[in-house]
Every structure is written in structure tokens, then in C-alpha cells.
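Notes to accompany the following structure.
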Amino acid sequence: MKIAVVTGASSGMGREFVFALDRAEPFDEIWVIARREDRLAALQQNCRAAIRPLPLDLLAPDALTSYAALLKEHRPEVAVLVNASGFGRFALFAEEPLAAYNDMLDVNAKALMGMTYVTLPYLQSGGRIYQLGSLSSFQPVPYIAVYGASKAFVLSFSRALNVELRPRGIRSMAVCPGWVKTEFFDHALTDQTAVTYFNRFYTPEAVVRRAIKDMARGKDVSIAGFPVRFQVLLTKILPHKFVMWVWMKQQGH
């Protein structure tokens with residue numbers, strides 16, 4: 001049985017990956033993971049492949065164990081893994097509860113790593129792993145300090161893994177978009193947020209379309225939009241102290 005596995009599939013980038021992968025190639029099933037089972041089940045209306053909803057909270061201690069047990073039971077060929085679960089908060093570091101940051105690291109980094117580890121035995125030559133990073137992966141970002149750090153982990157982990165998996169014919173790629181208008185902002189914006197300036201937004205469709213093309217081109221990082229790619233180039237050339245100063249000026253600080 002050939003399947004794709006997508007976390008964060010109930011909305012935003014994960015949801016769009018489900019639709020794009022279903023259009024791009026045939027799967028026997030697409031396993032979709034998120035907390036909201038009704039939204040997962042509704043994906044079937046727009047997909048050719050059979051949708052298997054897995055209503056798991058990746059913060060729960062037994063979520064990864066339950067997923068691993070399903071893999072062991074069904075022994076599928078996982079052709080594609082998409083780790084799109086994650087969240088952020090725009091706020092001064094000291095003004096958010098420590099528990100919120102621990103949850104953020106657990107979902108953005110630890111769960112992503114765990115999903116990858118557990119799924120790897122079921123990936124064969126030609127298998128692909130999409131790991132959702134961010135423009136924040138490339139630079140330290142005040143007011144989203146923990147989120148940016150978690151996405152820096154995703155970038156480093158994904159690229160290193162891509163090299164390790166090369167002998168097996170498996171690809172790992174970090175998808176690092178700029179601002180994407182999704183439900184992410186419903187959770188990230190807080191009453192005390194100091195982030196008010198967003199220069200441009202991309203759609204999930206544009207980011208995922210670019211990611212699938214870049215995977216086919218053999219890249220290990222995908223960045224949608226020339227302005228964002230140019231900004232990443234600048235973060236590699238300019239001192240990060242200066243990059244952060246520009247960011248602060250953009251936010252009016």
C-alpha cells in the first residue's frame with residue numbers, strides 16, 4: 001500500500017499539501033494527522049485517494065506511539081512524509097508562559113523529529129520528506145525568538161538528514177516560506193504582540209507548488225518568491241546584528 005503522511009493537515013500548509021500531493025500522483029491512502037477529526041474527514045471531498053483521518057495531538061505523550069503502532073500494523077510504503085504541524089507566538093519572550101514555549105518546541109522540533117524517525121523505516125528509494133521551516137530559519141528574530149530558533153532546528157536537521165539519506169535514495173527538504181496567510185496568525189498574534197509589520201503575504205498554494213517543484217529539482221531547501229529568496233541571501237551576507245536592527249526598525253522599535 002502506497003501512502004502519503006501529512007501532519008497539520010486540518011488547515012493551512014498541511015491541508016494544501018494534501019490536495020497538491022493528491023493531484024500530483026496516485027496514492028492508495030493519505031494519512032492525515034491533526035487534532036480536529038471533522039476537518040480531517042472533510043478532506044475526502046476533494047481527494048481522489050482514500051483519506052485516513054488520524055486525530056492525534058502531537059503534544060500528547062502517546063501520539064507518536066499510536067502512529068508507530070499503525071505503521072507496524074499496516075506496513076505501508078510511505079512515499080511522502082510532510083511535517084507541517086507547528087505554531088508560533090508574537091510577543092516579548094518574558095511575557096508568554098514558559099509552558100507555551102515548551103509546547104512550541106515540542107511540536108515544531110521534537111514532534112517533527114519523532115515523526116521523521118518513526119516513519120523512516122517505511123520509506124523506500126524515491127521517498128520524499130517535506131519539513132516545514134520558515135524564513136525565520138535563517139536569522140534570529142526578536143519577538144518570535146523561540147519560534148525562530150525552532151525553525152532554525154528544522155532547517156539544520158532537514159539538510160543534514162538529506163545528506164545521510166542519499167545512499168537510500170530518500171530526499172529531505174526544508175520548506176521555508178515568508179509570511180503565509182493561514183490560521184497560524186490566529187494563534188500567533190497576541191494582545192501584547194510587538195510585531196505589526198508584514199511586508200508581503202504568499203498563499204499556501206504558491207508555497208506548496210514551489211516546494212513540489214524544488215523537490216523534483218533535487219533541492220534541499222525551498223523558498224517561494226524571489227523577494228524572500230533575496231532576503232535569505234542578505235541574511236547570509238549581512239551581519240545578523242544588522243539584520244535584527246532592520247527588523248526592529250520595521251516594527252517601529
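Letters A, B, ... mark the chains of the C-alpha cells in the order given; residue numbers begin at 1 per chain; ligand numbers begin at 1, in order shown.
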- prompt: So which bits of segment 64-221 of chain A end up helix (DSSP H, G or I) when you DSSP the backbone, as a ChimeraX atom specification?
  reply: /A:64-74,93-95,98-122,135-138,145-168,184-188,204-216
- request: Pick out the residues sitting within 12 Å of Gly14 of chain A, and hand them over as a PyMOL selection string; count only C-alpha atoms, and ignore anything fewer than 5 positions along from it in its own chain.
  value: chain A and resi 4-9+19-21+30-34+39-40+43+81-86+130-132+175+182-184+204-205+207-208
query: What's the 10 Å shell around Ser172 of chain A, counting only C-alpha atoms, without same-chain residues fewer than 6 positions away, as a PyMOL selection string?
result: chain A and resi 80-82+116+127-131+157-166+215+218-221
- request: Please provide as a list in words all residues within 9 Å of Gly126 of chain A, with the sequence filter that same-chain residues fewer than 6 positions apart are discarded (counting only C-alpha atoms).
  value: Ala79, Val80, Arg168, Gly169, Ile170 and Arg171 of chain A
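Neighbouring residues of Ile144 of chain A at 9 Å or closer, counting only C-alpha atoms and skipping chain neighbours under 4 positions away, are Gly88, Arg89, Phe90, Ala91, Leu92, Phe93, Ser136, Pro140, Gly148, Ala149 and Val195 of chain A.
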Suppose we keep N, CA and C atoms; can you now write the selection as a PDB file, in the first residue's frame?
ATOM      1  N   GLY A  88       3.432  29.391  16.400  1.00  0.00           N
ATOM      2  CA  GLY A  88       4.318  30.412  16.939  1.00  0.00           C
ATOM      3  C   GLY A  88       3.534  31.432  17.735  1.00  0.00           C
ATOM      4  N   ARG A  89       4.267  32.311  18.429  1.00  0.00           N
ATOM      5  CA  ARG A  89       3.648  33.391  19.188  1.00  0.00           C
ATOM      6  C   ARG A  89       4.478  34.645  18.971  1.00  0.00           C
ATOM      7  N   PHE A  90       3.818  35.768  18.673  1.00  0.00           N
ATOM      8  CA  PHE A  90       4.492  37.055  18.535  1.00  0.00           C
ATOM      9  C   PHE A  90       4.386  37.789  19.867  1.00  0.00           C
ATOM     10  N   ALA A  91       5.478  37.858  20.600  1.00  0.00           N
ATOM     11  CA  ALA A  91       5.453  38.518  21.906  1.00  0.00           C
ATOM     12  C   ALA A  91       6.875  38.626  22.441  1.00  0.00           C
ATOM     13  N   LEU A  92       7.063  39.522  23.403  1.00  0.00           N
ATOM     14  CA  LEU A  92       8.315  39.536  24.135  1.00  0.00           C
ATOM     15  C   LEU A  92       8.487  38.201  24.850  1.00  0.00           C
ATOM     16  N   PHE A  93       9.694  37.693  24.830  1.00  0.00           N
ATOM     17  CA  PHE A  93       9.942  36.364  25.391  1.00  0.00           C
ATOM     18  C   PHE A  93       9.418  36.230  26.814  1.00  0.00           C
ATOM     19  N   SER A 136      12.247  32.507   9.071  1.00  0.00           N
ATOM     20  CA  SER A 136      12.897  32.692  10.373  1.00  0.00           C
ATOM     21  C   SER A 136      13.979  31.654  10.640  1.00  0.00           C
ATOM     22  N   PRO A 140      18.083  35.121  13.532  1.00  0.00           N
ATOM     23  CA  PRO A 140      17.408  35.301  14.824  1.00  0.00           C
ATOM     24  C   PRO A 140      16.374  36.413  14.696  1.00  0.00           C
ATOM     25  N   GLY A 148      11.559  31.238  15.966  1.00  0.00           N
ATOM     26  CA  GLY A 148      12.665  31.282  15.013  1.00  0.00           C
ATOM     27  C   GLY A 148      13.723  30.247  15.309  1.00  0.00           C
ATOM     28  N   ALA A 149      14.022  30.059  16.588  1.00  0.00           N
ATOM     29  CA  ALA A 149      15.019  29.065  16.967  1.00  0.00           C
ATOM     30  C   ALA A 149      14.548  27.654  16.629  1.00  0.00           C
ATOM     31  N   VAL A 195       4.869  42.739  17.084  1.00  0.00           N
ATOM     32  CA  VAL A 195       5.047  42.558  15.643  1.00  0.00           C
ATOM     33  C   VAL A 195       3.813  43.105  14.931  1.00  0.00           C
TER      34      VAL A 195
END
query: Could you pull the residues within 12 Å of Lys110 of chain A, counting only C-alpha atoms, minus those fewer than 2 positions along the same chain, as a list of chain:residue names?
result: A:Leu58, A:Leu59, A:Ala60, A:Pro61, A:Leu64, A:Asn83, A:Ser85, A:Gly86, A:Asn102, A:Asp103, A:Met104, A:Leu105, A:Asp106, A:Val107, A:Asn108, A:Leu112, A:Met113, A:Gly114, A:Met115, A:Thr116, A:Tyr117, A:Ser150, A:Lys151, A:Phe153, A:Val154, A:Phe157
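Distance check against Ser11 of chain A using only C-alpha atoms: of A:Pro26, A:Glu37, A:Ala145, A:Leu123, the minimum falls on A:Glu37.
Of note, atom CA of Met13 of chain A and atom CA of His240 of chain A are spaced 28.1 Å apart.
Minimum atom-to-atom distances from A:Ser134, A:Arg209, A:Val78, A:Tyr143 to Val228 of chain A were compared using only C-alpha atoms, and the lowest value belongs to A:Ser134.
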- request: Pick out each residue of segment 89-245 of chain A that DSSP on the backbone tags as strand (DSSP E); I need them as a VMD selection string.
  value: chain A and resid 128 to 132 171 to 175 221 to 222
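Going from atom CA of Asp28 of chain A over to atom CA of Asp62 of chain A, you cover 26.2 Å.
Counting only C-alpha atoms, the residue from A:Ile51, A:Ala211, A:Ala224, A:Ile3 that sits nearest to Leu71 of chain A is A:Ile3.
Each of A:Pro142, A:Pro76, A:Pro55, A:Pro97 was compared to Thr119 of chain A using only C-alpha atoms, and A:Pro76 turns out to be the nearest.
Using only C-alpha atoms, the nearest neighbour of Ala94 of chain A within the list A:Val146, A:Val232, A:Ala216, A:Ala63 is A:Val146.
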- prompt: What does the distance between atom CA of Pro177 of chain A and atom CA of Gly225 of chain A come to in Å, to one decimal place?
  reply: 8.2 Å
